[in-house]
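Undergrad: Hey, dropping work-v6.txt in here, compact mmCIF, C-alpha atoms:
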```txt
# COMPACT_ATOMS: atom_id res chain seq x y z
CA MET A 56 0.00 0.00 0.00
CA ARG A 57 2.87 2.37 0.75
CA GLN A 58 4.09 1.90 -2.82
CA ALA A 59 0.72 3.08 -4.12
CA GLY A 60 1.22 6.67 -3.06
CA ILE A 61 3.01 9.31 -0.99
CA GLY A 62 2.64 9.01 2.77
CA GLY A 63 3.47 11.28 5.67
CA SER A 64 7.00 9.96 6.16
CA ASP A 65 7.73 10.56 2.46
CA VAL A 66 6.88 14.27 2.38
CA ALA A 67 9.85 15.47 4.45
CA ALA A 68 12.16 13.29 2.32
CA ILE A 69 10.78 14.75 -0.91
CA LEU A 70 11.39 18.25 0.45
CA GLY A 71 14.96 17.36 1.51
CA MET A 72 14.17 17.74 5.22
CA ASP A 73 14.80 14.13 6.30
CA THR A 74 18.27 13.19 7.54
CA TYR A 75 17.92 9.53 6.59
CA ARG A 76 16.11 9.69 3.22
CA GLY A 77 16.00 11.98 0.21
CA PRO A 78 13.87 12.28 -2.94
CA LEU A 79 15.89 9.55 -4.66
CA HIS A 80 15.15 7.12 -1.82
CA VAL A 81 11.43 7.81 -2.14
CA TRP A 82 11.50 7.43 -5.94
CA LEU A 83 13.28 4.07 -5.72
CA GLU A 84 10.79 2.83 -3.13
CA LYS A 85 7.72 3.92 -5.10
CA THR A 86 9.05 2.40 -8.33
CA GLY A 87 10.02 -0.87 -6.62
CA GLN A 88 13.75 -0.43 -7.16
CA ALA A 89 14.96 0.24 -3.63
CA PRO A 90 17.90 -2.00 -2.65
CA GLU A 91 17.54 -4.36 0.27
CA ARG A 92 18.80 -2.76 3.43
CA ARG A 93 18.65 -3.99 7.00
CA ASP A 94 19.66 -1.54 9.68
CA THR A 95 19.19 -3.30 13.00
CA ARG A 96 19.50 -0.03 14.93
CA LEU A 97 16.73 1.66 12.92
CA ASP A 98 14.59 -1.50 13.03
CA ARG A 99 14.92 -1.65 16.81
CA SER A 100 14.10 2.05 17.08
CA ALA A 101 11.00 1.59 14.91
CA ARG A 102 9.80 -1.37 17.01
CA ARG A 103 10.37 0.60 20.19
CA GLY A 104 8.42 3.56 18.86
CA HIS A 105 5.52 1.38 17.73
CA ARG A 106 5.22 -0.40 21.07
CA LEU A 107 5.44 2.83 23.09
CA GLU A 108 2.94 4.67 20.87
CA GLY A 109 -0.01 3.50 22.97
CA LEU A 110 1.70 4.69 26.16
CA VAL A 111 2.29 8.14 24.64
CA ALA A 112 -1.39 8.27 23.65
CA GLU A 113 -2.45 7.36 27.21
CA PHE A 114 -0.22 10.05 28.75
CA PHE A 115 -1.47 12.62 26.23
CA ALA A 116 -5.14 11.79 26.94
CA GLU A 117 -4.53 12.09 30.70
CA GLU A 118 -2.77 15.46 30.43
CA SER A 119 -4.94 17.04 27.74
CA GLY A 120 -8.32 15.64 28.78
CA LEU A 121 -9.05 14.80 25.14
CA THR A 122 -10.23 11.49 23.72
CA VAL A 123 -7.74 9.57 21.55
CA LEU A 124 -9.13 6.99 19.14
CA ASP A 125 -7.38 4.00 17.60
CA ALA A 126 -5.70 4.40 14.22
CA PRO A 127 -8.15 4.14 11.31
CA GLY A 128 -5.64 2.42 9.02
CA THR A 129 -4.59 3.76 5.62
CA LEU A 130 -6.62 6.68 4.29
CA GLN A 131 -6.66 7.60 0.61
CA HIS A 132 -7.73 10.83 -1.06
CA VAL A 133 -10.79 10.41 -3.28
CA ASP A 134 -9.60 12.52 -6.24
CA ARG A 135 -5.88 11.83 -5.92
CA PRO A 136 -5.49 8.20 -4.82
CA TYR A 137 -1.69 8.60 -4.56
CA TRP A 138 -2.25 10.88 -1.57
CA ILE A 139 -2.23 8.48 1.38
CA ALA A 140 -2.19 8.93 5.14
CA ASN A 141 -1.42 6.59 8.03
CA PRO A 142 -2.05 8.68 11.16
CA ASP A 143 -1.01 7.12 14.45
CA ARG A 144 -4.36 7.96 16.07
CA LEU A 145 -7.33 10.29 15.76
CA VAL A 146 -8.24 12.76 18.49
CA VAL A 147 -11.62 14.20 19.47
CA ALA A 148 -11.54 17.84 20.52
CA PRO A 149 -14.12 20.64 20.77
CA ASP A 150 -14.01 23.25 18.00
CA THR A 151 -14.77 26.97 18.33
CA ALA A 152 -18.51 26.32 17.99
CA GLY A 153 -18.50 23.97 20.96
CA ARG A 154 -18.93 20.81 18.88
CA ASP A 155 -16.76 17.71 18.94
CA GLU A 156 -14.49 17.44 15.92
CA LEU A 157 -12.01 14.84 14.69
CA GLY A 158 -8.36 15.64 14.20
CA ILE A 159 -5.02 13.94 13.59
CA TRP A 160 -2.81 12.67 16.43
CA GLU A 161 0.87 11.85 15.91
CA GLY A 162 2.90 10.33 18.73
CA LYS A 163 6.69 9.95 18.85
CA THR A 164 9.27 8.68 21.32
CA ARG A 165 12.69 10.30 21.48
CA THR A 166 15.80 10.18 23.63
CA TRP A 167 16.88 13.52 25.03
CA ARG A 168 19.81 13.61 22.56
CA SER A 169 17.65 13.13 19.47
CA ALA A 170 15.01 15.47 20.89
CA ARG A 171 17.60 18.22 21.28
CA LEU A 172 18.76 17.77 17.69
CA GLU A 173 15.20 17.80 16.33
CA GLY A 174 14.02 20.77 18.41
CA TRP A 175 11.46 19.09 20.66
CA HIS A 176 11.91 21.60 23.48
CA SER A 177 10.87 24.72 21.54
CA GLU A 178 7.61 26.65 21.38
CA GLU A 179 6.69 25.08 18.02
CA ALA A 180 6.42 21.44 17.00
CA PRO A 181 9.53 19.95 15.31
CA ASP A 182 9.56 20.26 11.53
CA ARG A 183 9.37 16.61 10.49
CA PRO A 184 6.39 15.50 12.63
CA ALA A 185 4.70 18.86 11.94
CA LEU A 186 5.03 18.29 8.18
CA GLN A 187 3.80 14.73 8.58
CA ALA A 188 0.75 15.92 10.51
CA HIS A 189 0.04 18.66 7.98
CA TRP A 190 0.21 16.15 5.14
CA TYR A 191 -2.42 14.09 6.93
CA LEU A 192 -4.55 17.24 7.25
CA THR A 193 -4.09 17.74 3.51
CA VAL A 194 -5.28 14.22 2.74
CA THR A 195 -8.19 14.10 5.19
CA GLY A 196 -9.43 17.70 5.15
CA TYR A 197 -9.39 17.80 8.97
CA ARG A 198 -8.84 21.19 10.61
CA PHE A 199 -6.36 20.42 13.39
CA ALA A 200 -3.73 17.97 14.57
CA TYR A 201 -1.81 17.20 17.75
CA VAL A 202 1.86 16.21 17.82
CA ALA A 203 3.01 14.56 21.05
CA GLY A 204 6.45 13.32 22.00
CA LEU A 205 7.65 11.29 24.97
CA ILE A 206 11.22 12.43 25.59
CA ASP A 207 12.58 10.06 28.21
CA ASP A 208 10.07 10.77 31.02
CA ASP A 209 8.79 14.13 29.74
CA LEU A 210 5.72 14.56 27.53
CA GLU A 211 5.73 17.45 25.05
CA TRP A 212 2.73 18.21 22.83
CA TRP A 213 1.40 20.89 20.50
CA ARG A 214 -1.88 21.61 18.74
CA LEU A 215 -1.47 22.50 15.06
CA GLU A 216 -4.19 24.42 13.27
CA ARG A 217 -4.61 23.63 9.60
CA ASP A 218 -2.55 26.00 7.45
CA ASP A 219 -4.25 25.98 4.04
CA GLU A 220 -1.28 27.66 2.35
CA LEU A 221 1.11 25.04 3.69
CA CYS A 222 -1.30 22.26 2.66
CA ASP A 223 -1.37 23.70 -0.87
CA LEU A 224 2.43 23.79 -0.99
CA LEU A 225 2.69 20.17 0.17
CA ALA A 226 0.02 19.09 -2.32
CA ASP A 227 1.87 20.82 -5.16
CA ALA A 228 5.21 19.25 -4.19
CA VAL A 229 3.67 15.76 -3.98
CA ASP A 230 1.77 16.17 -7.26
CA ARG A 231 4.90 17.28 -9.11
CA PHE A 232 7.01 14.48 -7.63
CA TRP A 233 4.43 11.82 -8.44
CA CYS A 234 3.67 13.01 -11.97
CA GLU A 235 7.18 14.09 -13.04
CA HIS A 236 9.15 11.25 -11.47
CA VAL A 237 7.11 8.25 -10.28
CA LEU A 238 4.73 8.02 -13.25
CA THR A 239 7.42 8.83 -15.84
CA GLY A 240 10.13 6.67 -14.26
CA ILE A 241 12.54 9.64 -14.39
CA PRO A 242 14.58 9.82 -11.16
CA PRO A 243 14.94 13.13 -9.32
CA LYS A 244 18.36 14.75 -9.21
CA ALA A 245 20.67 13.55 -6.48
CA ASP A 246 20.68 15.85 -3.45
CA GLY A 247 23.42 16.69 -0.97
CA LEU A 248 22.40 14.33 1.83
CA GLN A 249 25.02 11.91 3.14
CA ALA A 250 22.25 9.30 3.11
CA THR A 251 21.98 9.76 -0.68
CA ALA A 252 25.73 9.29 -1.08
CA GLU A 253 25.46 6.01 0.84
CA LEU A 254 22.47 4.98 -1.28
CA LEU A 255 24.32 5.63 -4.55
CA ALA A 256 27.31 3.67 -3.27
CA ARG A 257 25.23 0.51 -2.84
CA LEU A 258 22.63 1.07 -5.56
CA TRP A 259 24.59 -0.63 -8.33
CA ASP A 260 27.20 -3.39 -8.39
CA ALA A 261 30.17 -1.82 -10.11
CA ARG A 262 31.40 -3.58 -13.25
CA GLU A 263 35.15 -3.80 -12.94
CA GLU A 264 36.97 -1.40 -15.29
CA ALA A 265 33.69 -0.64 -17.13
CA THR A 266 33.44 2.81 -18.74
CA VAL A 267 30.51 5.07 -19.52
CA GLU A 268 30.39 8.14 -21.74
CA VAL A 269 29.05 11.18 -19.88
CA ASP A 270 27.91 14.61 -21.03
CA PRO A 271 31.08 16.74 -21.42
CA VAL A 272 29.47 20.11 -20.65
CA GLU A 273 27.60 18.91 -17.57
CA THR A 274 30.70 17.07 -16.30
CA MET A 275 32.90 20.13 -16.83
CA LEU A 276 30.46 22.34 -14.90
CA LEU A 277 30.12 19.80 -12.08
CA LYS A 278 33.89 19.40 -11.73
CA GLN A 279 34.39 23.16 -11.77
CA ARG A 280 31.75 23.62 -9.07
CA ARG A 281 33.33 20.80 -7.07
CA ARG A 282 36.73 22.55 -7.18
CA GLU A 283 35.17 25.83 -6.07
CA LEU A 284 33.34 24.21 -3.18
CA LYS A 285 36.43 22.32 -2.01
CA GLU A 286 38.40 25.60 -2.01
CA GLU A 287 35.62 27.29 -0.03
CA LEU A 288 35.53 24.39 2.45
CA GLU A 289 39.30 24.54 2.91
CA ASP A 290 39.16 28.29 3.53
CA LEU A 291 36.25 27.91 5.97
CA GLY A 292 38.05 25.05 7.70
CA ASN A 293 41.12 27.26 8.23
CA GLN A 294 38.95 30.07 9.58
CA LEU A 295 37.15 27.69 11.93
CA THR A 296 40.45 26.28 13.23
CA GLU A 297 41.73 29.81 13.80
CA VAL A 298 38.67 30.70 15.90
CA GLU A 299 38.85 27.46 17.88
CA ASN A 300 42.59 27.87 18.47
CA GLN A 301 41.96 31.32 19.93
CA LEU A 302 39.37 29.79 22.29
CA ARG A 303 41.93 27.13 23.29
CA ALA A 304 44.62 29.76 23.86
CA ASN A 305 42.29 31.83 26.02
CA ALA A 306 41.50 28.79 28.18
CA GLY A 307 45.17 27.86 28.68
CA THR A 308 45.51 25.22 31.39
CA ALA A 309 41.90 25.56 32.55
CA GLU A 310 39.29 23.05 31.42
CA VAL A 311 36.32 25.42 31.86
CA ALA A 312 36.15 29.00 30.57
CA THR A 313 33.58 31.17 32.34
CA ILE A 314 31.89 34.53 31.87
CA GLY A 315 30.55 36.08 35.06
CA GLY A 316 31.11 32.80 36.82
CA ARG A 317 28.95 30.82 34.36
CA PRO A 318 30.53 28.27 31.95
CA ALA A 319 31.01 29.64 28.43
CA TYR A 320 32.87 26.69 26.92
CA THR A 321 35.08 23.79 27.98
CA TRP A 322 38.38 22.35 26.82
CA ARG A 323 38.55 19.10 28.74
CA GLN A 324 41.04 16.27 28.40
CA ASN A 325 38.31 13.73 27.61
CA GLY A 326 38.80 13.09 23.90
CA GLN A 327 39.99 10.02 21.99
CA PHE A 328 42.71 8.01 23.71
CA ALA A 329 46.08 8.12 21.87
CA ALA A 330 46.78 4.37 21.97
CA ALA A 331 49.84 4.46 19.68
CA ARG A 332 51.51 7.21 21.73
CA PHE A 333 50.66 5.32 24.93
CA ARG A 334 52.27 2.11 23.60
CA ASP A 335 55.45 3.98 22.57
CA ALA A 336 55.80 5.83 25.86
CA GLU A 337 54.65 3.05 28.22
CA PRO A 338 55.41 -0.31 26.51
CA GLU A 339 55.32 -2.44 29.68
CA LEU A 340 52.11 -0.88 30.95
CA ALA A 341 50.57 -1.10 27.47
CA ALA A 342 51.33 -4.84 27.40
CA GLN A 343 49.41 -5.33 30.65
CA TYR A 344 46.36 -3.59 29.21
CA SER A 345 46.35 -5.21 25.77
CA HIS A 346 43.95 -7.96 24.70
CA LEU A 347 43.14 -9.89 21.55
CA ILE A 348 40.11 -8.93 19.49
CA ARG A 349 38.26 -10.71 16.68
CA ALA A 350 38.98 -9.05 13.34
CA VAL A 351 38.43 -10.02 9.71
CA ASP A 352 41.67 -10.97 7.95
CA THR A 353 40.99 -8.76 4.92
CA GLU A 354 44.34 -9.53 3.26
CA ARG A 355 43.64 -13.26 3.29
CA LEU A 356 40.03 -12.72 2.17
CA ALA A 357 41.20 -10.58 -0.77
CA ARG A 358 43.76 -13.21 -1.73
CA GLU A 359 41.55 -16.29 -1.46
CA LEU A 360 38.09 -14.89 -2.33
CA PRO A 361 38.67 -11.76 -4.42
CA GLU A 362 35.08 -11.56 -5.72
CA ILE A 363 33.60 -11.60 -2.21
CA TYR A 364 36.20 -9.09 -1.06
CA ARG A 365 35.33 -6.76 -3.93
CA LYS A 366 31.60 -7.07 -3.21
CA TYR A 367 32.00 -5.47 0.22
CA ARG A 368 34.47 -2.75 -0.74
CA ALA A 369 33.19 0.83 -0.77
CA ARG A 370 33.03 2.75 -4.04
CA VAL A 371 35.31 5.79 -3.97
CA LEU A 372 34.81 8.87 -6.13
CA ARG A 373 38.11 10.37 -7.32
CA VAL A 374 38.23 13.42 -9.58
CA PRO A 375 41.60 14.43 -11.11
CA SER A 376 42.67 17.84 -9.84
CA GLU A 377 43.83 18.98 -13.29
CA GLY A 378 40.22 19.26 -14.50
```
For this file, produce the structure as structure tokens.

TA:
Amino acid sequence: MRQAGIGGSDVAAILGMDTYRGPLHVWLEKTGQAPERRDTRLDRSARRGHRLEGLVAEFFAEESGLTVLDAPGTLQHVDRPYWIANPDRLVVAPDTAGRDELGIWEGKTRTWRSARLEGWHSEEAPDRPALQAHWYLTVTGYRFAYVAGLIDDDLEWWRLERDDELCDLLADAVDRFWCEHVLTGIPPKADGLQATAELLARLWDAREEATVEVDPVETMLLKQRRRELKEELEDLGNQLTEVENQLRANAGTAEVATIGGRPAYTWRQNGQFAAARFRDAEPELAAQYSHLIRAVDTERLARELPEIYRKYRARVLRVPSEG
């Protein structure tokens, strides 16, 4: 069913606002070309979120005093069947006229680290679940939604009123993506997400020493832009190091730099352990604290099973510096 249309989790990816998926991921999934991928960490996180969803709904109902209904399943727009919605729950809330009205309810579970990165402790709902909820409002025609998140032991929640302009923008983006890419089979351009780089690296099995003729003008422009960006990154990296070195110099031997008695920044000796330097300086002590670990003998694997070895090697992009 998810292949039959664009769902709430796809919208942020189409708009380039999802860390883990981009437009190319969505296109491959909808056209049935997505490569097999098993990420045990993400699978475990998804199972955890699904099982805790009911608990989040119970906490929300207790705190808000509103009635939360079970999920209705997959909803499909009448005129545009590729608009689909899978809301976590529905919520019953009074509208301005004093009547009971149905709305969307989205529940999430987050650790405090991920919540901080996604902005769960601000006055407005985080972008991704807010977009997801608004897409469900677009599909259903409902007028409001609630986004709730259980961050460790804290419950955060917001009411979102339907924004017709935002709904129109989402509808236009989904329509264009579906008609211009999914129906035509033409993939969207690759974006700048690291997740897309990883996808491209495993999308095709490289044919050893195979060549392909590419467009000379497009390639020249891309390589020129790549050189410019690398020069800008190098310059920015030098500027960043200069600023950080000044902060280090100002701290001197202290681990905590303060302003008015309150910490401003820290320079603690709690980074990566220099094992090689430790072994050179303290060989006898290093021997006492050394142990054997299980590791793949890659040299032997490459020698005895070169095809298997090649299968699991990363693809590396190298562009000659001379242009």

Undergrad: In Å to one decimal, how far is CA of Asp125 in chain A from CA of Leu145 in chain A?

TA: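 So the answer is 6.6 Å.
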
Undergrad: Need to verify the contact set: range 351-362 of chain A, 12 Å, all atoms listed in the file, exclusion of same-chain residues closer than 2 positions in sequence. Can you return it as a PyMOL selection string?

TA: chain A and resi 260-263+348-349+364-368

Undergrad: Which polymer residues have any atom within 10 Å of an atom of Asp219 in chain A, counting all atoms listed in the file, with same-chain residues fewer than 5 positions away left out, as a PDB file with C-alpha atoms, in the frame of the given file?

TA:
```pdb
ATOM      1  CA  HIS A 189       0.040  18.660   7.980  1.00  0.00           C
ATOM      2  CA  LEU A 192      -4.550  17.240   7.250  1.00  0.00           C
ATOM      3  CA  THR A 193      -4.090  17.740   3.510  1.00  0.00           C
ATOM      4  CA  GLY A 196      -9.430  17.700   5.150  1.00  0.00           C
ATOM      5  CA  ARG A 198      -8.840  21.190  10.610  1.00  0.00           C
ATOM      6  CA  LEU A 224       2.430  23.790  -0.990  1.00  0.00           C
ATOM      7  CA  LEU A 225       2.690  20.170   0.170  1.00  0.00           C
TER       8      LEU A 225
END
```

Undergrad: Counting only C-alpha atoms, what is within 8 Å of range 243-253 of chain A, bar same-chain residues fewer than 4 positions away, as a ChimeraX atom specification?

TA: /A:71,74-80,82,236,257

Undergrad: Work out how far CA of Ala170 in chain A is from CA of Asp208 in chain A, in Å to one decimal.

TA: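 According to the coordinates, CA of Asp208 in chain A and CA of Ala170 in chain A are separated by 12.2 Å.
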
Undergrad: Suppose you want the space between CA of Glu156 in chain A and CA of Gly204 in chain A; what is it in Å?

TA: 22.2 Å

Undergrad: Given 3 Å on each side, where is the centre and what are the edge lengths in Å to one decimal of the axis-aligned box enclosing the listed atoms of range 207-224 of chain A, as AutoDock Vina command-line options?

TA:
```
--center_x 4.0 --center_y 18.9 --center_z 15.0 --size_x 23.2 --size_y 23.6 --size_z 38.0
```

Undergrad: Let me make sure I understand: among A:Asn325, A:Glu211, A:Gly162, A:Gln301, which one has the smallest atom-to-atom distance to His176 in chain A if we use all atoms listed in the file?

TA: A:Glu211

Undergrad: Please report as a tab-separated table every residue of range 232-306 of chain A lying within 12 Å of range 57-63 of chain A, along with the nearest atom pair and their distance in Å (one decimal), using all atoms listed in the file.

TA:
```
residue	atom	partner	partner_atom	distance
A:Phe232	CA	A:Ile61	CA	9.3
A:Trp233	CA	A:Ile61	CA	8.0
A:Cys234	CA	A:Gly60	CA	11.2
A:Val237	CA	A:Gly60	CA	9.5
A:Leu238	CA	A:Gly60	CA	10.9
```

Undergrad: Rank A:Gly292, A:Gly174, A:Gly87, A:Pro142 by their smallest atom-to-atom distance to Gly128 in chain A, using all atoms listed in the file, and report the top residue only.

TA: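 Under the stated criterion, the closest residue is A:Pro142.
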
Undergrad: Around the point (-14.1, 13.5, 22.2), in the coordinates given by the file, pick out the residues reaching within 12 Å, counting all atoms listed in the file, and return them as a list of chain:residue names.

TA: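 It turns out the residues near that spot are A:Ala116, A:Ser119, A:Gly120, A:Leu121, A:Thr122, A:Val123, A:Leu124, A:Leu145, A:Val146, A:Val147, A:Ala148, A:Pro149, A:Asp150, A:Gly153, A:Arg154, A:Asp155, A:Glu156, A:Leu157, A:Gly158.
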
Undergrad: Counting all atoms listed in the file, note down every residue that has an atom within 12 Å of the point (7.0, 26.9, 21.8) (file coordinates), as a VMD selection string.

TA: chain A and resid 174 to 181 211 to 215

Undergrad: Residues at most 9 Å from His132 in chain A, counting only C-alpha atoms, excluding those fewer than 6 positions away in the same chain, as a list in words?

TA: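 Listed by chain and then number, they are Trp138, Ile139, Ala140, Val194 and Thr195 of chain A.
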
Undergrad: Between A:Leu83, A:Met275, A:Leu130, A:Leu205, which is the closest to Met56 in chain A once you count all atoms listed in the file?

TA: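 Counting all atoms listed in the file, the residue closest to Met56 in chain A is A:Leu130.
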